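Engineer: This is target-v8.txt, which holds compact mmCIF, C-alpha atoms:
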# COMPACT_ATOMS: atom_id res chain seq x y z
CA MET A 1 34.11 81.72 123.63
CA GLU A 2 36.81 83.59 121.75
CA GLN A 3 40.32 82.80 122.96
CA TYR A 4 41.16 86.28 124.20
CA GLU A 5 37.90 86.49 126.17
CA LEU A 6 38.87 83.20 127.80
CA LEU A 7 42.24 84.75 128.52
CA TRP A 8 40.48 87.73 130.13
CA LYS A 9 38.61 85.36 132.46
CA TYR A 10 41.87 83.54 133.16
CA GLN A 11 43.52 86.84 134.08
CA GLN A 12 40.90 87.56 136.75
CA VAL A 13 41.73 84.43 138.74
CA ASP A 14 45.44 84.71 137.94
CA MET A 15 45.50 88.24 139.41
CA GLU A 16 43.53 87.01 142.43
CA LEU A 17 46.14 84.31 142.97
CA ASP A 18 48.98 86.82 142.65
CA GLN A 19 47.32 89.15 145.14
CA TYR A 20 46.78 86.35 147.65
CA GLU A 21 50.40 85.19 147.35
CA LYS A 22 51.49 88.81 147.89
CA GLU A 23 49.34 89.04 151.02
CA MET A 24 50.92 85.83 152.32
CA ARG A 25 54.39 87.26 151.72
CA GLN A 26 53.40 90.44 153.56
CA SER A 27 52.22 88.53 156.63
CA SER A 28 53.55 90.17 159.82
CA ASN A 29 54.52 86.75 161.24
CA ARG A 30 56.44 85.92 158.05
CA LYS A 31 58.26 89.26 158.16
CA GLU A 32 59.21 88.73 161.82
CA LEU A 33 60.33 85.19 161.06
CA LEU A 34 62.58 86.37 158.22
CA LYS A 35 63.95 89.20 160.37
CA HIS A 36 64.97 86.78 163.14
CA ARG A 37 66.32 84.30 160.58
CA ASP A 38 68.52 86.98 159.04
CA PHE A 39 69.69 88.10 162.49
CA LEU A 40 70.63 84.51 163.40
CA LEU A 41 72.59 84.12 160.16
CA GLU A 42 74.36 87.40 160.87
CA GLN A 43 75.29 86.26 164.40
CA GLN A 44 76.58 82.95 163.02
CA ASN A 45 78.83 84.87 160.63
CA VAL A 46 80.04 87.07 163.50
CA LEU A 47 80.90 83.98 165.55
CA LYS A 48 82.79 82.44 162.64
CA LYS A 49 84.77 85.67 162.25
CA ILE A 50 85.58 85.80 165.97
CA GLU A 51 86.63 82.13 165.98
CA ALA A 52 88.88 82.71 162.96
CA ASP A 53 90.43 85.77 164.65
CA VAL A 54 90.97 83.81 167.88
CA ASP A 55 92.70 80.99 165.98
CA ILE A 56 95.05 83.47 164.29
CA MET A 57 95.73 85.23 167.61
CA SER A 58 96.39 81.92 169.40
CA ASP A 59 98.94 80.90 166.79
CA ARG A 60 100.64 84.31 167.01
CA MET A 61 100.67 84.26 170.83
CA GLU A 62 102.20 80.81 170.85
CA ALA A 63 104.85 81.92 168.35
CA LEU A 64 105.63 85.03 170.43
CA ALA A 65 105.94 83.03 173.65
CA ASP A 66 108.33 80.60 171.97
CA GLU A 67 110.37 83.46 170.52
CA ILE A 68 110.58 85.25 173.90
CA THR A 69 111.80 82.04 175.52
CA ARG A 70 114.43 81.61 172.81
CA LEU A 71 115.60 85.23 173.05
CA ASN A 72 115.82 85.07 176.86
CA GLY A 73 118.05 82.03 176.41
CA SER A 74 120.20 83.99 173.96
CA VAL A 75 120.54 86.88 176.45
CA SER A 76 121.52 84.52 179.28
CA GLU A 77 124.03 82.80 177.03
CA ALA A 78 125.51 86.14 175.89
CA ALA A 79 125.74 87.40 179.49
CA ALA A 80 127.45 84.21 180.64
CA ASN A 81 129.86 84.39 177.74
CA PHE A 82 130.59 88.06 178.57
CA GLU A 83 131.43 87.15 182.18
CA ALA A 84 133.51 84.10 181.24
CA ASN A 85 135.39 85.77 178.42
CA ARG A 86 135.88 89.41 179.23
CA PRO A 87 136.47 91.52 176.10
CA GLN A 88 140.07 92.63 175.60
CA ASP A 89 139.13 96.17 174.64
CA ILE A 90 136.34 98.68 175.19
CA GLU A 91 135.08 98.55 171.59
CA GLU A 92 134.53 94.81 171.76
CA ALA A 93 132.74 95.23 175.09
CA LYS A 94 130.46 97.87 173.57
CA LYS A 95 129.61 95.58 170.66
CA GLN A 96 128.67 92.70 172.96
CA ILE A 97 126.63 94.95 175.25
CA ALA A 98 124.86 96.51 172.25
CA ALA A 99 123.99 93.05 170.93
CA MET A 100 122.51 92.07 174.30
CA GLN A 101 120.58 95.33 174.51
CA LYS A 102 119.15 94.69 171.05
CA LEU A 103 117.98 91.24 172.19
CA ILE A 104 116.44 92.73 175.35
CA SER A 105 114.69 95.43 173.30
CA THR A 106 113.23 92.79 170.97
CA ILE A 107 112.04 90.76 173.97
CA SER A 108 110.38 93.87 175.42
CA ARG A 109 108.63 94.58 172.12
CA TYR A 110 107.40 91.00 171.84
CA GLU A 111 106.22 91.01 175.47
CA SER A 112 104.22 94.21 174.82
CA GLU A 113 102.65 92.66 171.74
CA LEU A 114 101.88 89.48 173.67
CA ALA A 115 100.24 91.43 176.51
CA LYS A 116 98.10 93.36 174.04
CA MET A 117 97.05 90.18 172.26
CA ARG A 118 96.06 88.60 175.57
CA LYS A 119 93.79 91.58 176.25
CA ASP A 120 92.36 91.33 172.74
CA SER A 121 91.80 87.63 173.26
CA GLU A 122 89.90 88.29 176.48
CA ALA A 123 87.80 90.91 174.66
CA ARG A 124 87.04 88.39 171.91
CA ASP A 125 85.95 85.86 174.56
CA ARG A 126 83.54 88.40 176.04
CA GLN A 127 82.24 89.30 172.60
CA GLN A 128 81.74 85.64 171.78
CA ARG A 129 79.68 85.10 174.95
CA GLU A 130 77.55 88.18 174.20
CA VAL A 131 76.90 87.00 170.63
CA ARG A 132 75.88 83.55 171.84
CA VAL A 133 73.43 85.07 174.35
CA ARG A 134 71.90 87.31 171.66
CA ALA A 135 71.69 84.39 169.23
CA ALA A 136 70.02 82.17 171.84
CA LYS A 137 67.35 84.82 172.51
CA ALA A 138 66.78 85.32 168.77
CA ARG A 139 66.53 81.55 168.26
CA ALA A 140 63.90 81.24 170.98
CA GLU A 141 61.88 84.07 169.41
CA PHE A 142 62.31 82.53 165.94
CA ASP A 143 60.98 79.19 167.20
CA ARG A 144 58.01 80.90 168.88
CA ILE A 145 57.04 82.84 165.76
CA LYS A 146 57.58 79.82 163.51
CA VAL A 147 54.88 77.91 165.39
CA LEU A 148 52.46 80.80 164.76
CA TYR A 149 53.49 81.18 161.12
CA ASP A 150 53.27 77.44 160.38
CA GLU A 151 49.70 77.40 161.68
CA GLU A 152 48.87 80.55 159.70
CA TYR A 153 50.43 79.11 156.53
CA LYS A 154 48.57 75.81 156.94
CA GLU A 155 45.26 77.68 156.86
CA ALA A 156 46.32 79.97 154.02
CA ALA A 157 47.63 77.05 151.97
CA VAL A 158 44.10 75.64 151.63
CA LYS A 159 42.88 78.78 149.86
CA LEU A 160 46.15 79.04 147.93
CA GLU A 161 45.72 75.51 146.55
CA ALA A 162 42.08 76.20 145.63
CA LEU A 163 43.12 79.33 143.71
CA ARG A 164 45.88 77.45 141.90
CA LYS A 165 43.39 74.77 140.83
CA LYS A 166 41.00 77.48 139.65
CA VAL A 167 43.78 79.10 137.58
CA ALA A 168 44.68 75.73 136.07
CA SER A 169 41.03 75.07 135.26
CA GLU A 170 40.63 78.44 133.49
CA ALA A 171 43.77 77.72 131.45
CA LYS A 172 42.53 74.39 130.03
CA ASP A 173 40.71 75.80 127.01
CA ILE A 174 43.29 78.42 126.11
CA LYS A 175 45.80 77.64 123.39
CA PRO A 176 49.34 77.15 124.80
CA GLU A 177 50.89 79.77 122.51
CA ILE A 178 48.36 82.40 123.67
CA LEU A 179 48.91 81.52 127.31
CA GLU A 180 52.68 81.78 126.79
CA LYS A 181 52.21 85.18 125.16
CA TYR A 182 50.25 86.29 128.24
CA LYS A 183 53.06 85.15 130.55
CA VAL A 184 55.71 86.93 128.49
CA ILE A 185 53.77 90.22 128.67
CA LYS A 186 53.16 89.72 132.40
CA ARG A 187 56.92 89.81 133.05
CA HIS A 188 56.97 93.52 132.23
CA SER A 189 53.33 94.68 132.34
CA THR A 190 50.71 93.69 134.90
CA PRO A 191 47.96 93.01 134.24
CA PRO A 192 48.86 91.79 130.73
CA ILE A 193 45.36 92.27 129.28
CA THR A 194 43.24 95.40 129.39
CA ARG A 195 40.21 96.89 127.71
CA MET A 196 40.10 99.75 125.24
CA HIS A 197 38.72 103.05 126.61
CA ASP A 198 38.09 105.97 124.23
CA ASP A 199 40.65 104.64 121.74
CA ARG A 200 43.21 104.38 124.56
CA CYS A 201 45.04 101.51 126.22
CA GLY A 202 43.37 100.78 129.55
CA GLY A 203 46.76 99.89 131.00
CA CYS A 204 49.07 102.81 130.16
CA ASN A 205 46.39 105.22 128.84
CA MET A 206 48.28 105.82 125.59
CA GLN A 207 46.28 106.71 122.46
CA LEU A 208 46.04 103.87 119.94
CA SER A 209 48.02 104.35 116.76
CA ALA A 210 46.26 105.01 113.47
CA ALA A 211 47.10 101.48 112.32
CA ASP A 212 45.53 99.96 115.43
CA LYS A 213 42.42 102.10 115.06
CA ASP A 214 42.06 100.73 111.52
CA LYS A 215 42.30 97.19 112.89
CA VAL A 216 39.53 97.98 115.38
CA ARG A 217 37.31 99.45 112.64
CA ASN A 218 37.90 96.32 110.58
CA GLY A 219 36.63 94.11 113.42
CA ALA A 220 39.85 92.95 115.11
CA PRO A 221 38.98 91.45 118.52
CA TYR A 222 42.17 92.83 120.03
CA VAL A 223 45.27 94.90 119.34
CA GLU A 224 48.62 95.15 121.13
CA CYS A 225 49.66 98.41 122.74
CA GLU A 226 52.72 99.82 121.00
CA ASN A 227 53.74 101.56 124.22
CA CYS A 228 53.40 98.95 127.00
CA GLY A 229 52.92 95.75 124.99
CA ARG A 230 49.61 94.82 126.64
CA ILE A 231 46.86 92.99 124.82
CA ILE A 232 43.95 95.43 124.40
CA LEU A 233 40.54 93.77 124.04
CA VAL A 234 38.23 95.74 121.81
CA LYS A 235 34.85 94.32 122.82
Once you've parsed the file, please lay out its structure as structure tokens.
Structural biologist:
Amino acid sequence: MEQYELLWKYQQVDMELDQYEKEMRQSSNRKELLKHRDFLLEQQNVLKKIEADVDIMSDRMEALADEITRLNGSVSEAAANFEANRPQDIEEAKKQIAAMQKLISTISRYESELAKMRKDSEARDRQQREVRVRAAKARAEFDRIKVLYDEEYKEAAVKLEALRKKVASEAKDIKPEILEKYKVIKRHSTPPITRMHDDRCGGCNMQLSAADKDKVRNGAPYVECENCGRIILVK
């Protein structure tokens, strides 16, 4: 049998294999499994983000607490020094009081920030618990569907393997360079081989060029479509 007719037969089983693989990918159980997998990955990323935020907040809260303690010590020291060494004039007294007030204002600002961060930390804890609950439910559903899909895939894999063997068998008598040409065309045009209909490409329906019509009249078994690149069988 002529090589391109063998290739035509090969295409029939190759397209059947492609269609079956597509049907397997479109399985409702597979889609549900992927949906829950993606949701779990998303929740894992959310947890990592929360944990990173909590670590940053913990470091900042610790630094604020230390700074508040230090500043309170500075205020106590300044107050004690003010009582023990009364300023000689009003201007000096104002300067010392202003310095203490500045320290107290800074402490107040830090305490406000610390209180806010504690609330944020509590909110992050709640969020973390909620995410873990959602993830646990999604994991349970993922495991349930995976059992169903694994059983479904086991059955489908038998037919899939049979089709793959059939495709390999049809390819045995086809020259490697012709088979490679088929695969190259398939990357952009499916199916790669078509028949000629009323001097037109059966794939894209474009009229054959004058040069290709001459080839057909001269007995060429096939031509290549100048528009879509498909192999057009003449017979």
Engineer: Might you pull out every residue within 12 Å of Arg70 (chain A), with all atoms listed in the file counted and same-chain residues fewer than 6 positions away left off, and present them as a ChimeraX atom specification?
Structural biologist: /A:63-64,76-77,103-104,106-107,110
Engineer: I'd like a table as JSON lines: residues in region 52-129 of chain A with an atom no more than 12 Å from region 29-48 of chain A, each row giving the shortest atom pair and its distance in Å to one decimal, only C-alpha atoms counted, sorted by chain and rising residue number.
Structural biologist:
{"residue": "A:Ala52", "atom": "CA", "partner": "A:Lys48", "partner_atom": "CA", "distance": 6.1}
{"residue": "A:Asp53", "atom": "CA", "partner": "A:Lys48", "partner_atom": "CA", "distance": 8.6}
{"residue": "A:Val54", "atom": "CA", "partner": "A:Lys48", "partner_atom": "CA", "distance": 9.8}
{"residue": "A:Asp55", "atom": "CA", "partner": "A:Lys48", "partner_atom": "CA", "distance": 10.6}
{"residue": "A:Arg124", "atom": "CA", "partner": "A:Leu47", "partner_atom": "CA", "distance": 9.9}
{"residue": "A:Asp125", "atom": "CA", "partner": "A:Leu47", "partner_atom": "CA", "distance": 10.5}
{"residue": "A:Arg126", "atom": "CA", "partner": "A:Leu47", "partner_atom": "CA", "distance": 11.7}
{"residue": "A:Gln127", "atom": "CA", "partner": "A:Leu47", "partner_atom": "CA", "distance": 8.9}
{"residue": "A:Gln128", "atom": "CA", "partner": "A:Leu47", "partner_atom": "CA", "distance": 6.5}
{"residue": "A:Arg129", "atom": "CA", "partner": "A:Leu47", "partner_atom": "CA", "distance": 9.5}
Engineer: In Å, rounded to a single decimal, give me how far CA of Pro176 (chain A) is from CA of Ala157 (chain A).
Structural biologist: 27.2 Å
Engineer: Pick the closest to Asp66 (chain A) from A:Ile185, A:Val234, A:Leu114, A:Ile145: which is it, counting only C-alpha atoms?
Structural biologist: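 For Asp66 (chain A), the nearest of the candidates is A:Leu114.
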Engineer: Between A:Ser169, A:Ser58, A:Gln88, A:Asn81, single out the one closest to Arg118 (chain A), counting only C-alpha atoms.
Structural biologist: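 Residue with the minimum atom-to-atom distance to Arg118 (chain A): A:Ser58.
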Engineer: Using all atoms listed in the file, pick whichever of A:Ile231, A:Cys225, A:Ile174, A:Ile90 has the shortest atom-to-atom distance to Ala211 (chain A).
Structural biologist: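 Distance minimum relative to Ala211 (chain A) lands on A:Cys225.
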Engineer: For Tyr149 (chain A), which residue among A:Lys186, A:Ser112, A:Met24, A:Arg195 is the nearest when counting all atoms listed in the file?
Structural biologist: A:Met24
Engineer: Give me, as a ChimeraX atom specification, all polymer residues having an atom no more than 10 Å from Gly202 (chain A), counting only C-alpha atoms and skipping those fewer than 4 positions away in the same chain.
Structural biologist: /A:193-198,206-207,225,230-233
Engineer: Do you have the CA of Cys201 (chain A)-CA of Ser189 (chain A) distance handy?
Structural biologist: 12.4 Å
Engineer: Quick one: pull the distance between CA of Ile56 (chain A) and CA of Ala115 (chain A), Å, one decimal.
Structural biologist: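 Computing it gives 15.5 Å between the two atoms.
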Engineer: Could you work out an axis-aligned box for region 91-104 of chain A, taking every atom the file lists and adding 4 Å on each side, and report centre and edge lengths in Å to one decimal, as AutoDock Vina command-line options?
Structural biologist:
--center_x 125.8 --center_y 94.9 --center_z 173.0 --size_x 26.6 --size_y 15.3 --size_z 12.7
Engineer: So, counting all atoms listed in the file, which residue among A:Pro191, A:Ser121, A:Ile178, A:Lys213 is closest to Tyr4 (chain A)?
Structural biologist: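 So, comparing all the options, the nearest one is A:Ile178.
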Engineer: From the options A:Arg86, A:Lys116, A:Arg109, A:Lys181, which residue's atoms come nearest to Ile68 (chain A), counting only C-alpha atoms?
Structural biologist: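 Smallest distance to Ile68 (chain A) is found for A:Arg109.
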Engineer: Ala210 (chain A): which residues within 12 Å, counting only C-alpha atoms, same-chain residues fewer than 5 positions away excluded, as a list in words?
Structural biologist: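 Result of the neighbour search: Asp199, Arg200, Lys215, Val216, Arg217, Val223, Cys225 and Glu226 of chain A.
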Engineer: Kindly output region 32-43 of chain A as a short mmCIF file (atom, residue, chain, number, x, y, z; two decimals), in the coordinates of the input, after building all heavy atoms.
Structural biologist:
data_model
loop_
_atom_site.label_atom_id
_atom_site.label_comp_id
_atom_site.auth_asym_id
_atom_site.auth_seq_id
_atom_site.Cartn_x
_atom_site.Cartn_y
_atom_site.Cartn_z
N GLU A 32 58.47 88.90 160.56
CA GLU A 32 59.21 88.73 161.82
C GLU A 32 60.09 87.49 161.76
O GLU A 32 61.23 87.50 162.23
CB GLU A 32 58.22 88.60 162.99
CG GLU A 32 57.64 89.91 163.46
CD GLU A 32 58.71 90.82 164.05
OE1 GLU A 32 59.40 90.41 164.99
OE2 GLU A 32 58.87 91.96 163.56
N LEU A 33 59.57 86.43 161.18
CA LEU A 33 60.33 85.19 161.06
C LEU A 33 61.59 85.41 160.22
O LEU A 33 62.69 84.98 160.60
CB LEU A 33 59.45 84.12 160.42
CG LEU A 33 59.91 82.66 160.59
CD1 LEU A 33 59.88 82.25 162.04
CD2 LEU A 33 59.01 81.74 159.77
N LEU A 34 61.43 86.10 159.09
CA LEU A 34 62.58 86.37 158.22
C LEU A 34 63.59 87.30 158.90
O LEU A 34 64.80 87.13 158.74
CB LEU A 34 62.10 86.99 156.90
CG LEU A 34 61.28 86.07 155.99
CD1 LEU A 34 60.79 86.83 154.76
CD2 LEU A 34 62.11 84.86 155.56
N LYS A 35 63.07 88.27 159.66
CA LYS A 35 63.95 89.20 160.37
C LYS A 35 64.82 88.45 161.37
O LYS A 35 66.04 88.66 161.44
CB LYS A 35 63.13 90.27 161.09
CG LYS A 35 63.98 91.32 161.79
CD LYS A 35 63.12 92.36 162.47
CE LYS A 35 62.58 91.83 163.79
NZ LYS A 35 61.87 92.86 164.57
N HIS A 36 64.20 87.55 162.15
CA HIS A 36 64.97 86.78 163.14
C HIS A 36 65.90 85.77 162.46
O HIS A 36 67.01 85.51 162.94
CB HIS A 36 64.03 86.08 164.11
CG HIS A 36 63.43 86.99 165.12
ND1 HIS A 36 62.31 87.75 164.89
CD2 HIS A 36 63.83 87.31 166.39
CE1 HIS A 36 62.03 88.47 165.96
NE2 HIS A 36 62.94 88.23 166.88
N ARG A 37 65.45 85.22 161.32
CA ARG A 37 66.32 84.30 160.58
C ARG A 37 67.58 85.02 160.10
O ARG A 37 68.70 84.51 160.25
CB ARG A 37 65.57 83.72 159.39
CG ARG A 37 66.38 82.73 158.56
CD ARG A 37 65.88 82.64 157.14
NE ARG A 37 66.06 83.90 156.43
CZ ARG A 37 65.63 84.12 155.19
NH1 ARG A 37 64.98 83.19 154.53
NH2 ARG A 37 65.85 85.29 154.61
N ASP A 38 67.38 86.21 159.53
CA ASP A 38 68.52 86.98 159.04
C ASP A 38 69.46 87.37 160.17
O ASP A 38 70.69 87.37 160.02
CB ASP A 38 68.04 88.23 158.29
CG ASP A 38 67.32 87.89 156.99
OD1 ASP A 38 67.46 86.74 156.52
OD2 ASP A 38 66.63 88.77 156.45
N PHE A 39 68.86 87.72 161.33
CA PHE A 39 69.69 88.10 162.49
C PHE A 39 70.51 86.90 162.96
O PHE A 39 71.71 87.04 163.29
CB PHE A 39 68.80 88.60 163.63
CG PHE A 39 69.57 89.03 164.85
CD1 PHE A 39 70.24 90.25 164.87
CD2 PHE A 39 69.66 88.21 165.96
CE1 PHE A 39 70.97 90.64 165.99
CE2 PHE A 39 70.38 88.59 167.08
CZ PHE A 39 71.04 89.81 167.10
N LEU A 40 69.90 85.72 162.99
CA LEU A 40 70.63 84.51 163.40
C LEU A 40 71.79 84.21 162.44
O LEU A 40 72.89 83.86 162.88
CB LEU A 40 69.67 83.31 163.44
CG LEU A 40 68.77 83.22 164.68
CD1 LEU A 40 67.71 82.15 164.48
CD2 LEU A 40 69.60 82.89 165.92
N LEU A 41 71.53 84.35 161.15
CA LEU A 41 72.59 84.12 160.16
C LEU A 41 73.73 85.12 160.35
O LEU A 41 74.91 84.76 160.25
CB LEU A 41 72.03 84.23 158.74
CG LEU A 41 71.07 83.11 158.30
CD1 LEU A 41 70.45 83.44 156.95
CD2 LEU A 41 71.81 81.78 158.23
N GLU A 42 73.36 86.36 160.65
CA GLU A 42 74.36 87.40 160.87
C GLU A 42 75.21 87.06 162.10
O GLU A 42 76.45 87.20 162.07
CB GLU A 42 73.65 88.74 161.08
CG GLU A 42 74.59 89.90 161.35
CD GLU A 42 73.84 91.17 161.73
OE1 GLU A 42 72.71 91.35 161.27
OE2 GLU A 42 74.41 91.97 162.49
N GLN A 43 74.56 86.61 163.18
CA GLN A 43 75.29 86.26 164.40
C GLN A 43 76.21 85.04 164.17
O GLN A 43 77.31 84.97 164.72
CB GLN A 43 74.33 85.98 165.55
CG GLN A 43 73.48 87.17 165.97
CD GLN A 43 74.31 88.40 166.23
OE1 GLN A 43 75.14 88.43 167.15
NE2 GLN A 43 74.12 89.45 165.43
#
